[in-house]
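Structure data (TSV, C-alpha atoms) from data-v3.tsv:
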```
chain	number	residue	atom	x	y	z
A	125	MET	CA	29.97	3.85	-19.96
A	126	TYR	CA	32.86	5.59	-21.73
A	127	PRO	CA	35.37	2.71	-21.56
A	128	HIS	CA	32.77	0.26	-22.84
A	129	GLU	CA	31.81	2.56	-25.69
A	130	ARG	CA	35.46	3.21	-26.58
A	131	SER	CA	36.00	-0.56	-26.79
A	132	LEU	CA	32.93	-0.97	-29.02
A	133	VAL	CA	34.19	1.73	-31.37
A	134	LYS	CA	37.62	0.12	-31.49
A	135	LYS	CA	36.28	-3.41	-31.96
A	136	LEU	CA	33.97	-2.37	-34.80
A	137	GLU	CA	36.35	0.02	-36.55
A	138	GLY	CA	35.81	-0.03	-40.31
A	139	LYS	CA	32.49	-1.86	-39.89
A	140	PRO	CA	29.05	-0.36	-40.58
A	141	PHE	CA	28.58	0.84	-37.01
A	142	ALA	CA	28.41	4.19	-35.27
A	143	ILE	CA	27.68	5.54	-31.81
A	144	LEU	CA	25.71	8.78	-31.85
A	145	GLY	CA	25.18	10.70	-28.64
A	146	ILE	CA	22.37	12.98	-27.59
A	147	ASN	CA	24.00	15.15	-24.99
A	148	SER	CA	22.11	17.00	-22.25
A	149	ASP	CA	25.02	18.88	-20.65
A	150	GLN	CA	24.81	22.62	-20.09
A	151	ALA	CA	27.70	24.19	-21.95
A	152	ARG	CA	29.41	23.35	-25.23
A	153	ASP	CA	32.83	24.56	-24.01
A	154	GLU	CA	32.80	22.34	-20.93
A	155	LEU	CA	31.64	19.47	-23.07
A	156	LYS	CA	34.54	19.86	-25.50
A	157	LYS	CA	36.97	19.46	-22.60
A	158	ILE	CA	35.21	16.28	-21.51
A	159	LEU	CA	35.34	14.84	-25.04
A	160	GLU	CA	39.08	15.38	-25.10
A	161	LYS	CA	39.71	14.11	-21.58
A	162	GLU	CA	37.60	10.97	-22.01
A	163	ASN	CA	38.70	10.35	-25.60
A	164	ILE	CA	35.13	10.44	-26.88
A	165	THR	CA	35.49	10.28	-30.64
A	166	TRP	CA	31.86	9.78	-31.59
A	167	ARG	CA	29.52	12.55	-32.61
A	168	SER	CA	26.80	13.99	-30.38
A	169	TRP	CA	23.86	16.28	-30.86
A	170	PHE	CA	23.89	19.12	-28.37
A	171	ASP	CA	20.36	18.87	-26.99
A	172	GLY	CA	19.53	22.34	-25.74
A	173	GLY	CA	21.77	22.41	-22.67
A	174	ASN	CA	19.46	20.54	-20.28
A	175	THR	CA	17.57	17.30	-19.77
A	176	SER	CA	14.38	18.69	-21.29
A	177	GLY	CA	15.95	19.34	-24.68
A	178	PRO	CA	13.88	18.75	-27.83
A	179	ILE	CA	15.40	15.36	-28.75
A	180	ALA	CA	15.26	13.83	-25.25
A	181	THR	CA	11.69	15.12	-24.87
A	182	HIS	CA	10.58	13.70	-28.24
A	183	TRP	CA	12.14	10.33	-27.33
A	184	ASN	CA	10.50	10.43	-23.88
A	185	VAL	CA	13.82	9.93	-22.08
A	186	GLU	CA	13.42	10.20	-18.31
A	187	SER	CA	16.61	8.52	-17.12
A	188	TRP	CA	20.22	8.86	-18.23
A	189	PRO	CA	21.98	7.11	-19.81
A	190	SER	CA	19.32	5.59	-22.07
A	191	LEU	CA	20.25	3.56	-25.13
A	192	TYR	CA	18.46	2.73	-28.37
A	193	LEU	CA	19.90	0.36	-30.95
A	194	VAL	CA	18.88	1.16	-34.54
A	195	ASP	CA	19.67	-1.24	-37.38
A	196	HIS	CA	21.06	-0.32	-40.82
A	197	LYS	CA	17.52	0.10	-42.18
A	198	GLY	CA	16.58	2.59	-39.45
A	199	VAL	CA	14.48	0.20	-37.36
A	200	ILE	CA	14.65	0.19	-33.53
A	201	ARG	CA	15.95	-3.23	-32.52
A	202	ASP	CA	16.64	-2.84	-28.81
A	203	LYS	CA	16.37	-0.37	-25.97
A	204	SER	CA	17.94	-0.73	-22.58
A	205	VAL	CA	20.61	0.62	-20.31
A	206	GLY	CA	23.33	-1.47	-21.96
A	207	SER	CA	24.16	-5.11	-21.39
A	208	LYS	CA	26.15	-8.04	-22.70
A	209	GLU	CA	23.10	-9.12	-24.68
A	210	MET	CA	23.06	-5.77	-26.41
A	211	ASP	CA	26.72	-6.19	-27.41
A	212	LYS	CA	25.90	-9.53	-29.02
A	213	LEU	CA	22.95	-7.99	-30.83
A	214	ILE	CA	25.16	-5.16	-32.12
A	215	GLU	CA	27.54	-7.70	-33.67
A	216	LYS	CA	24.64	-9.62	-35.20
A	217	LEU	CA	23.15	-6.44	-36.67
A	218	VAL	CA	26.52	-5.35	-38.08
A	219	GLN	CA	26.73	-8.71	-39.86
A	220	GLU	CA	23.20	-8.18	-41.23
A	221	ALA	CA	24.22	-4.75	-42.51
A	222	GLU	CA	27.34	-6.15	-44.17
A	223	ALA	CA	25.40	-9.02	-45.77
A	224	ASP	CA	22.81	-6.57	-47.10
A	225	ALA	CA	25.47	-4.26	-48.51
A	226	LYS	CA	27.08	-7.23	-50.27
A	227	THR	CA	23.85	-8.40	-51.94
A	228	ARG	CA	23.12	-4.87	-53.04
A	229	ALA	CA	26.62	-4.54	-54.55
A	230	GLN	CA	26.12	-7.79	-56.48
A	231	LYS	CA	22.88	-6.53	-58.00
B	1499	MET	CA	22.46	-1.24	63.11
B	1500	ARG	CA	19.01	-0.99	61.62
B	1501	ARG	CA	19.05	2.80	61.82
B	1502	ILE	CA	22.40	2.95	60.22
B	1503	MET	CA	21.19	0.72	57.41
B	1504	LEU	CA	18.11	2.87	56.95
B	1505	GLY	CA	20.18	6.01	56.80
B	1506	PHE	CA	22.38	4.39	54.23
B	1507	VAL	CA	19.45	3.45	52.04
B	1508	VAL	CA	18.07	6.95	52.26
B	1509	MET	CA	21.42	8.36	51.28
B	1510	LEU	CA	21.58	6.06	48.29
B	1511	ALA	CA	18.11	7.04	47.22
B	1512	MET	CA	18.83	10.70	47.62
B	1513	GLY	CA	22.19	10.60	45.97
B	1514	PRO	CA	21.21	10.34	42.35
B	1515	ARG	CA	18.44	12.83	42.85
B	1516	LEU	CA	20.76	15.38	44.28
B	1517	ARG	CA	23.16	14.85	41.46
B	1518	ALA	CA	20.35	15.18	38.93
B	1519	ASP	CA	19.26	18.39	40.57
B	1520	ASP	CA	22.76	19.76	40.38
B	1521	GLN	CA	22.95	18.96	36.70
B	1522	SER	CA	19.63	20.54	35.93
B	1523	LYS	CA	20.80	23.75	37.46
B	1524	GLU	CA	23.78	23.92	35.16
B	1525	LYS	CA	22.16	22.61	32.01
B	1526	PRO	CA	18.39	22.27	31.90
B	1527	ALA	CA	17.47	18.82	30.59
B	1528	PRO	CA	15.16	18.98	27.55
B	1529	ASP	CA	11.56	18.26	28.35
B	1530	LYS	CA	10.65	14.64	27.86
B	1531	PRO	CA	8.38	14.22	24.82
B	1532	LYS	CA	4.83	14.02	25.99
B	1533	THR	CA	2.38	13.41	23.21
B	1534	ALA	CA	2.67	10.62	20.66
B	1535	ALA	CA	3.16	13.20	17.91
B	1536	GLU	CA	6.08	14.70	19.84
B	1537	GLN	CA	7.58	11.27	20.35
B	1538	TYR	CA	7.33	10.64	16.61
B	1539	GLN	CA	8.94	13.99	15.84
B	1540	ALA	CA	11.74	13.27	18.32
B	1541	LEU	CA	12.50	9.96	16.59
B	1542	VAL	CA	12.55	11.61	13.17
B	1543	LYS	CA	14.83	14.31	14.54
B	1544	GLN	CA	17.22	11.69	15.91
B	1545	TYR	CA	17.35	10.07	12.49
B	1546	ASP	CA	17.80	13.42	10.72
B	1547	ASP	CA	20.57	14.41	13.12
B	1548	SER	CA	22.44	11.15	12.59
B	1549	MET	CA	22.09	11.68	8.83
B	1550	LYS	CA	23.43	15.23	9.06
B	1551	ALA	CA	26.37	14.03	11.16
B	1552	TRP	CA	27.09	11.26	8.67
B	1553	ILE	CA	27.05	13.65	5.70
B	1554	LYS	CA	29.48	15.92	7.55
B	1555	THR	CA	31.91	13.06	8.15
B	1556	TYR	CA	31.51	11.92	4.56
B	1557	GLN	CA	32.33	15.38	3.25
B	1558	ALA	CA	35.35	15.55	5.54
B	1559	ALA	CA	36.71	12.16	4.39
B	1560	LYS	CA	39.90	12.56	2.41
B	1561	THR	CA	40.33	9.35	0.43
B	1562	ASP	CA	38.04	7.12	-1.64
B	1563	GLU	CA	38.87	4.30	0.74
B	1564	ASP	CA	37.66	6.30	3.74
B	1565	ARG	CA	34.50	7.22	1.90
B	1566	GLN	CA	33.90	3.59	0.96
B	1567	LYS	CA	34.29	2.56	4.60
B	1568	LEU	CA	31.79	5.17	5.71
B	1569	PHE	CA	29.01	3.43	3.83
B	1570	LEU	CA	29.16	0.69	6.46
B	1571	SER	CA	27.98	3.22	9.02
B	1572	TYR	CA	25.35	4.88	6.81
B	1573	PRO	CA	22.45	5.79	9.14
B	1574	SER	CA	19.66	3.30	8.87
B	1575	ALA	CA	15.99	3.92	9.55
B	1576	LYS	CA	15.87	0.42	11.04
B	1577	LYS	CA	16.51	1.63	14.57
B	1578	TYR	CA	13.34	3.70	14.52
B	1579	GLU	CA	10.92	1.89	12.26
B	1580	SER	CA	9.15	-0.41	14.71
B	1581	GLN	CA	8.76	2.37	17.29
B	1582	ILE	CA	7.36	4.72	14.66
B	1583	PHE	CA	4.93	2.13	13.37
B	1584	GLU	CA	3.74	1.36	16.88
B	1585	LEU	CA	3.11	5.05	17.59
B	1586	ALA	CA	1.12	5.41	14.37
B	1587	GLU	CA	-0.87	2.26	15.05
B	1588	LYS	CA	-1.77	3.16	18.62
B	1589	ASN	CA	-2.74	6.69	17.65
B	1590	SER	CA	-4.32	6.05	14.29
B	1591	HIS	CA	-6.78	8.96	14.67
B	1592	ASP	CA	-4.03	11.45	15.44
B	1593	ALA	CA	-3.04	13.69	12.53
B	1594	PHE	CA	0.64	12.68	12.75
B	1595	ALA	CA	-0.16	8.96	12.20
B	1596	LEU	CA	-0.31	9.31	8.42
B	1597	ASP	CA	2.91	11.36	8.33
B	1598	ALA	CA	4.58	8.55	10.26
B	1599	LEU	CA	3.29	5.88	7.86
B	1600	ILE	CA	4.42	7.91	4.84
B	1601	TRP	CA	7.83	8.38	6.49
B	1602	LEU	CA	8.19	4.60	6.78
B	1603	VAL	CA	7.35	4.08	3.09
B	1604	GLN	CA	9.67	6.84	1.92
B	1605	HIS	CA	12.53	5.48	4.03
B	1606	ASN	CA	11.99	2.01	2.62
B	1607	ALA	CA	11.45	0.57	6.08
B	1608	ALA	CA	11.17	-3.20	6.52
B	1609	ASN	CA	7.57	-2.65	7.64
B	1610	SER	CA	6.68	-0.28	4.80
B	1611	ASN	CA	4.31	-2.85	3.34
B	1612	LYS	CA	2.41	-2.97	6.61
B	1613	ALA	CA	2.36	0.83	6.58
B	1614	LEU	CA	0.99	0.80	3.02
B	1615	GLN	CA	-1.80	-1.56	4.05
B	1616	VAL	CA	-2.90	0.82	6.79
B	1617	ILE	CA	-2.74	3.75	4.35
B	1618	ALA	CA	-4.83	1.81	1.82
B	1619	LYS	CA	-7.43	1.03	4.49
B	1620	ASP	CA	-7.69	4.35	6.31
B	1621	HIS	CA	-6.09	7.25	4.51
B	1622	VAL	CA	-6.49	7.30	0.72
B	1623	GLN	CA	-8.70	10.37	0.89
B	1624	ASP	CA	-6.07	12.43	2.69
B	1625	LYS	CA	-4.28	15.10	0.67
B	1626	ARG	CA	-0.88	14.10	2.06
B	1627	VAL	CA	-1.04	10.70	0.36
B	1628	GLY	CA	-0.55	12.50	-2.95
B	1629	SER	CA	3.16	12.75	-2.19
B	1630	LEU	CA	3.31	8.94	-2.19
B	1631	ALA	CA	1.73	8.50	-5.60
B	1632	GLY	CA	4.99	9.23	-7.42
B	1633	THR	CA	7.06	7.08	-5.05
B	1634	LEU	CA	4.83	4.07	-5.69
B	1635	VAL	CA	5.61	3.83	-9.42
B	1636	TYR	CA	8.29	1.18	-8.87
B	1637	SER	CA	7.05	-0.19	-5.54
B	1638	MET	CA	7.04	-3.97	-5.24
B	1639	SER	CA	4.37	-3.84	-2.55
B	1640	PRO	CA	1.21	-5.80	-3.39
B	1641	SER	CA	-0.78	-2.90	-1.92
B	1642	ALA	CA	0.62	-0.27	-4.29
B	1643	ASP	CA	-2.01	-0.69	-7.04
B	1644	GLU	CA	-4.81	-0.73	-4.46
B	1645	ILE	CA	-3.63	2.53	-2.88
B	1646	LEU	CA	-3.22	4.26	-6.23
B	1647	ARG	CA	-6.70	3.18	-7.35
B	1648	GLY	CA	-8.04	4.31	-3.98
B	1649	ILE	CA	-6.45	7.76	-4.35
B	1650	LEU	CA	-7.71	8.09	-7.92
B	1651	GLU	CA	-11.28	7.18	-6.97
B	1652	LYS	CA	-11.68	8.66	-3.51
B	1653	SER	CA	-9.25	11.52	-3.03
B	1654	THR	CA	-10.67	15.03	-3.04
B	1655	ASP	CA	-7.32	16.45	-4.12
B	1656	ARG	CA	-6.95	16.77	-7.89
B	1657	ASN	CA	-3.15	16.85	-7.69
B	1658	ALA	CA	-3.05	13.56	-5.75
B	1659	GLN	CA	-5.55	11.99	-8.16
B	1660	GLY	CA	-3.51	13.02	-11.18
B	1661	GLN	CA	-0.22	11.72	-9.76
B	1662	ALA	CA	-1.95	8.45	-8.87
B	1663	CYS	CA	-3.42	8.16	-12.37
B	1664	LEU	CA	-0.01	8.61	-14.06
B	1665	SER	CA	1.67	6.22	-11.60
B	1666	LEU	CA	-0.97	3.57	-12.29
B	1667	ALA	CA	-0.44	4.01	-16.04
B	1668	LYS	CA	3.31	3.58	-15.64
B	1669	ARG	CA	2.88	0.52	-13.43
B	1670	MET	CA	0.56	-1.11	-15.99
B	1671	LYS	CA	3.09	-0.33	-18.73
B	1672	THR	CA	5.96	-1.88	-16.73
B	1673	LYS	CA	3.79	-4.92	-16.01
B	1674	ALA	CA	3.08	-5.44	-19.72
B	1675	ASP	CA	6.77	-4.89	-20.60
B	1676	ARG	CA	7.94	-7.42	-18.00
B	1677	ALA	CA	5.49	-10.03	-19.24
B	1678	GLN	CA	6.56	-9.15	-22.82
B	1679	SER	CA	2.86	-8.74	-23.47
B	1680	LYS	CA	1.45	-6.65	-26.29
B	1681	ASP	CA	-1.68	-6.06	-24.24
B	1682	THR	CA	-1.14	-2.48	-23.15
B	1683	ALA	CA	-4.83	-1.56	-23.06
B	1684	GLU	CA	-4.88	-0.88	-19.34
B	1685	ALA	CA	-1.76	1.30	-19.45
B	1686	GLU	CA	-3.25	3.24	-22.39
B	1687	LYS	CA	-6.51	3.74	-20.51
B	1688	TYR	CA	-4.76	5.41	-17.57
B	1689	PHE	CA	-2.45	7.50	-19.79
B	1690	GLN	CA	-5.54	8.72	-21.70
B	1691	GLN	CA	-7.34	9.47	-18.44
B	1692	THR	CA	-4.30	11.48	-17.27
B	1693	ILE	CA	-4.42	13.53	-20.47
B	1694	GLU	CA	-8.18	14.07	-20.35
B	1695	LYS	CA	-8.52	15.00	-16.69
B	1696	TYR	CA	-5.16	16.01	-15.22
B	1697	ALA	CA	-3.14	17.40	-18.15
B	1698	ASP	CA	-2.34	20.70	-16.41
B	1699	VAL	CA	-1.20	19.22	-13.06
B	1700	LYS	CA	2.54	19.72	-12.40
B	1701	TYR	CA	4.82	16.70	-12.75
B	1702	TYR	CA	8.43	17.75	-12.24
B	1703	GLY	CA	10.52	20.65	-13.53
B	1704	LYS	CA	8.46	22.38	-16.18
B	1705	LYS	CA	6.73	19.15	-17.14
B	1706	THR	CA	3.02	18.59	-16.56
B	1707	LEU	CA	1.30	15.23	-16.12
B	1708	GLY	CA	-0.16	15.77	-19.59
B	1709	ASP	CA	3.35	16.09	-21.09
B	1710	ALA	CA	4.48	12.94	-19.32
B	1711	ALA	CA	1.44	10.92	-20.42
B	1712	LYS	CA	1.68	12.14	-24.03
B	1713	GLY	CA	5.40	11.30	-24.07
B	1714	ALA	CA	4.73	7.81	-22.74
B	1715	LEU	CA	1.98	7.18	-25.30
B	1716	PHE	CA	4.29	8.42	-28.09
B	1717	GLU	CA	6.95	6.00	-26.85
B	1718	MET	CA	4.47	3.12	-26.82
B	1719	HIS	CA	3.24	3.89	-30.34
B	1720	HIS	CA	6.45	5.00	-32.07
B	1721	LEU	CA	9.56	4.02	-30.11
B	1722	GLY	CA	9.01	0.30	-29.59
B	1723	ILE	CA	11.29	-2.49	-30.74
B	1724	GLY	CA	10.58	-3.21	-34.42
B	1725	MET	CA	9.32	0.31	-35.14
B	1726	PRO	CA	11.07	2.71	-37.53
B	1727	ALA	CA	13.15	5.19	-35.52
B	1728	PRO	CA	11.93	8.79	-35.88
B	1729	ASP	CA	14.61	10.86	-37.61
B	1730	ILE	CA	16.76	13.09	-35.44
B	1731	GLU	CA	18.00	16.38	-36.79
B	1732	GLY	CA	20.01	18.98	-34.94
B	1733	ALA	CA	23.35	20.65	-34.33
B	1734	ASP	CA	26.39	18.84	-32.97
B	1735	ILE	CA	28.79	20.21	-30.38
B	1736	ASP	CA	30.59	22.29	-33.05
B	1737	ASN	CA	27.21	23.64	-34.15
B	1738	LYS	CA	27.15	21.63	-37.39
B	1739	ASN	CA	23.83	20.11	-38.39
B	1740	PHE	CA	23.42	16.40	-38.96
B	1741	LYS	CA	20.70	13.76	-39.11
B	1742	LEU	CA	20.20	10.21	-37.90
B	1743	SER	CA	19.13	9.26	-41.42
B	1744	ASP	CA	22.61	10.28	-42.67
B	1745	TYR	CA	23.73	7.02	-41.08
B	1746	ARG	CA	21.34	4.71	-42.95
B	1747	GLY	CA	23.27	1.55	-43.86
B	1748	LYS	CA	25.04	1.57	-40.52
B	1749	VAL	CA	24.00	0.09	-37.20
B	1750	VAL	CA	23.63	3.03	-34.80
B	1751	LEU	CA	23.81	2.95	-31.02
B	1752	LEU	CA	21.94	6.04	-29.82
B	1753	ASP	CA	23.21	7.11	-26.44
B	1754	PHE	CA	21.30	9.72	-24.43
B	1755	TRP	CA	24.04	10.93	-22.12
B	1756	GLY	CA	25.33	13.67	-19.89
B	1757	ASN	CA	28.56	14.05	-17.99
B	1758	TRP	CA	27.09	14.42	-14.52
```

Show me, as structure tokens, the structure contained in the file I just sent.
Amino acid sequence: MYPHERSLVKKLEGKPFAILGINSDQARDELKKILEKENITWRSWFDGGNTSGPIATHWNVESWPSLYLVDHKGVIRDKSVGSKEMDKLIEKLVQEAEADAKTRAQK
Amino acid sequence: MRRIMLGFVVMLAMGPRLRADDQSKEKPAPDKPKTAAEQYQALVKQYDDSMKAWIKTYQAAKTDEDRQKLFLSYPSAKKYESQIFELAEKNSHDAFALDALIWLVQHNAANSNKALQVIAKDHVQDKRVGSLAGTLVYSMSPSADEILRGILEKSTDRNAQGQACLSLAKRMKTKADRAQSKDTAEAEKYFQQTIEKYADVKYYGKKTLGDAAKGALFEMHHLGIGMPAPDIEGADIDNKNFKLSDYRGKVVLLDFWGNW
């Protein structure tokens, strides 16, 4: 997971794209070490220190990792455990976001 | 000559016996299993022992390569499955028979579908089948739906009925998802039934079946593709608050993760 995510972040640097994590680990201090060790630069919510945290519960997550892809308008566009298809969709959605931003700037 | 021969034969016949006797004096041989139930338990014990031994070797392995190699000798239930099925079939009225059939399903035996058919036919009312209801959520067996419906309708155990109801709901949901069908009426029906009748039954951890069914219905109604994502608000790892909606205008990959 981490290497793939790092490559996504690198590939889409400067583009309208972000990874946001919802983390279910137990302790913030331990987690900070992991972020450093694995070079995880994206932001995460700390979800209560276990797998029944409020965010994971609200989103009915029962297996980890679980992924949701949300477009620039806040609409869910895909959900899965990560795949090549999802990578293609991410690029397509980033282009949509850029195109939308451009038209808005012209207005 | 004849007498000599006879004496020789007698000696041969006696020999092993004498040796066996000697051995039994030093180390009493364990009693041979007698009943079918005992034979079943002995087979399960053999399997459990080989698993324990394997885990020990695995834990003692020093390199990744050694560990990788060990998976080739991972204990398989294969050696025991036909014997266990035969015992259960021949002694179908014995109390252990159902345990044996459940064992086969839970160990993913090659004959687990046959075992499920027998369970569907003879045992859905038994309390013990409740433990299977959860296992059957992702089962590919054509008998899985039939067993779950059987448990739901005929079981006298509320826990088993509730687990079966939720498993049926999840199976119907998966079926609709796979067919990319919007017709989720049947899944909804079973989720609703779980909430109405079995909400307080334990699921796992602190979760009840009611929690699980409500969560699944919320997901179906609010977390589908094409639906607006509910906002997320909370503290990050440095205890600073932020929201998903702060990122409007950007494509966001939400990753539910843990480092375990």

Taking a cut-off of 10 Å and counting all atoms listed in the file, can you build a table that, for each residue of chain B near chain A, reports the nearest atom pair and how far apart they are in Å (one decimal), sorted by chain then residue number, as JSON lines?
```
{"residue": "B:Gly1703", "atom": "CA", "partner": "A:Ser176", "partner_atom": "CA", "distance": 8.9}
{"residue": "B:Lys1704", "atom": "CA", "partner": "A:Ser176", "partner_atom": "CA", "distance": 8.6}
{"residue": "B:Lys1705", "atom": "CA", "partner": "A:Ser176", "partner_atom": "CA", "distance": 8.7}
{"residue": "B:Asp1709", "atom": "CA", "partner": "A:Thr181", "partner_atom": "CA", "distance": 9.2}
{"residue": "B:Ala1710", "atom": "CA", "partner": "A:Asn184", "partner_atom": "CA", "distance": 8.0}
{"residue": "B:Ala1711", "atom": "CA", "partner": "A:Asn184", "partner_atom": "CA", "distance": 9.7}
{"residue": "B:Lys1712", "atom": "CA", "partner": "A:Asn184", "partner_atom": "CA", "distance": 9.0}
{"residue": "B:Gly1713", "atom": "CA", "partner": "A:Asn184", "partner_atom": "CA", "distance": 5.2}
{"residue": "B:Ala1714", "atom": "CA", "partner": "A:Asn184", "partner_atom": "CA", "distance": 6.4}
{"residue": "B:Leu1715", "atom": "CA", "partner": "A:Asn184", "partner_atom": "CA", "distance": 9.2}
{"residue": "B:Phe1716", "atom": "CA", "partner": "A:Asn184", "partner_atom": "CA", "distance": 7.8}
{"residue": "B:Glu1717", "atom": "CA", "partner": "A:Asn184", "partner_atom": "CA", "distance": 6.4}
{"residue": "B:Met1718", "atom": "CA", "partner": "A:Asn184", "partner_atom": "CA", "distance": 9.9}
{"residue": "B:His1720", "atom": "CA", "partner": "A:Trp183", "partner_atom": "CA", "distance": 9.1}
{"residue": "B:Leu1721", "atom": "CA", "partner": "A:Ile200", "partner_atom": "CA", "distance": 7.2}
{"residue": "B:Gly1722", "atom": "CA", "partner": "A:Ile200", "partner_atom": "CA", "distance": 6.9}
{"residue": "B:Ile1723", "atom": "CA", "partner": "A:Arg201", "partner_atom": "CA", "distance": 5.0}
{"residue": "B:Gly1724", "atom": "CA", "partner": "A:Ile200", "partner_atom": "CA", "distance": 5.4}
{"residue": "B:Met1725", "atom": "CA", "partner": "A:Ile200", "partner_atom": "CA", "distance": 5.6}
{"residue": "B:Pro1726", "atom": "CA", "partner": "A:Val199", "partner_atom": "CA", "distance": 4.2}
{"residue": "B:Ala1727", "atom": "CA", "partner": "A:Val199", "partner_atom": "CA", "distance": 5.5}
{"residue": "B:Pro1728", "atom": "CA", "partner": "A:Gly198", "partner_atom": "CA", "distance": 8.5}
{"residue": "B:Asp1729", "atom": "CA", "partner": "A:Gly198", "partner_atom": "CA", "distance": 8.7}
{"residue": "B:Ile1730", "atom": "CA", "partner": "A:Ile179", "partner_atom": "CA", "distance": 7.2}
{"residue": "B:Glu1731", "atom": "CA", "partner": "A:Trp169", "partner_atom": "CA", "distance": 8.3}
{"residue": "B:Gly1732", "atom": "CA", "partner": "A:Trp169", "partner_atom": "CA", "distance": 6.2}
{"residue": "B:Ala1733", "atom": "CA", "partner": "A:Trp169", "partner_atom": "CA", "distance": 5.6}
{"residue": "B:Asp1734", "atom": "CA", "partner": "A:Trp169", "partner_atom": "CA", "distance": 4.2}
{"residue": "B:Ile1735", "atom": "CA", "partner": "A:Phe170", "partner_atom": "CA", "distance": 5.4}
{"residue": "B:Asp1736", "atom": "CA", "partner": "A:Arg152", "partner_atom": "CA", "distance": 8.0}
{"residue": "B:Asn1737", "atom": "CA", "partner": "A:Phe170", "partner_atom": "CA", "distance": 8.1}
{"residue": "B:Lys1738", "atom": "CA", "partner": "A:Trp169", "partner_atom": "CA", "distance": 9.1}
{"residue": "B:Asn1739", "atom": "CA", "partner": "A:Trp169", "partner_atom": "CA", "distance": 8.4}
{"residue": "B:Phe1740", "atom": "CA", "partner": "A:Trp169", "partner_atom": "CA", "distance": 8.1}
{"residue": "B:Lys1741", "atom": "CA", "partner": "A:Trp169", "partner_atom": "CA", "distance": 9.2}
{"residue": "B:Leu1742", "atom": "CA", "partner": "A:Leu144", "partner_atom": "CA", "distance": 8.3}
{"residue": "B:Ser1743", "atom": "CA", "partner": "A:Gly198", "partner_atom": "CA", "distance": 7.4}
{"residue": "B:Tyr1745", "atom": "CA", "partner": "A:His196", "partner_atom": "CA", "distance": 7.8}
{"residue": "B:Arg1746", "atom": "CA", "partner": "A:His196", "partner_atom": "CA", "distance": 5.5}
{"residue": "B:Gly1747", "atom": "CA", "partner": "A:His196", "partner_atom": "CA", "distance": 4.2}
{"residue": "B:Lys1748", "atom": "CA", "partner": "A:His196", "partner_atom": "CA", "distance": 4.4}
{"residue": "B:Val1749", "atom": "CA", "partner": "A:Asp195", "partner_atom": "CA", "distance": 4.5}
{"residue": "B:Val1750", "atom": "CA", "partner": "A:Ala142", "partner_atom": "CA", "distance": 4.9}
{"residue": "B:Leu1751", "atom": "CA", "partner": "A:Leu193", "partner_atom": "CA", "distance": 4.7}
{"residue": "B:Leu1752", "atom": "CA", "partner": "A:Tyr192", "partner_atom": "CA", "distance": 5.0}
{"residue": "B:Asp1753", "atom": "CA", "partner": "A:Gly145", "partner_atom": "CA", "distance": 4.6}
{"residue": "B:Phe1754", "atom": "CA", "partner": "A:Ile146", "partner_atom": "CA", "distance": 4.7}
{"residue": "B:Trp1755", "atom": "CA", "partner": "A:Pro189", "partner_atom": "CA", "distance": 4.9}
{"residue": "B:Gly1756", "atom": "CA", "partner": "A:Ser148", "partner_atom": "CA", "distance": 5.2}
{"residue": "B:Asn1757", "atom": "CA", "partner": "A:Asp149", "partner_atom": "CA", "distance": 6.6}
{"residue": "B:Trp1758", "atom": "CA", "partner": "A:Asp149", "partner_atom": "CA", "distance": 7.9}
```

**Prompt:** What gap, in Å, lies between CA of Lys1687 (chain B) and CA of Asp1675 (chain B)?
**Reply:**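 So the answer is 15.8 Å.
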
**Request:** Could you tell me how far CA of Ile1553 (chain B) lies from CA of Leu1630 (chain B), in Å and to one decimal?
**Result:**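 Result for CA of Ile1553 (chain B) versus CA of Leu1630 (chain B): 25.5 Å, one decimal.
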
**Message:** What does the structure give for the distance between CA of Val1616 (chain B) and CA of Asp1643 (chain B), in Å to one decimal?
**Reply:**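 Between CA of Val1616 (chain B) and CA of Asp1643 (chain B) the gap is 13.9 Å.
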
**Request:** Using only C-alpha atoms, determine which residues lie at most 8 Å from Leu1646 (chain B), disregarding the query and same-chain residues fewer than 4 positions distant; provide the list as a PyMOL selection string.
**Result:** chain B and resi 1631+1642+1650+1662-1663+1665-1666

**Asked** Pick from B:Ser1580, B:Gln1661, B:Gln1566, B:Ser1653: nearest to Gln1691 (chain B), with only C-alpha atoms counted?
**Response** B:Gln1661
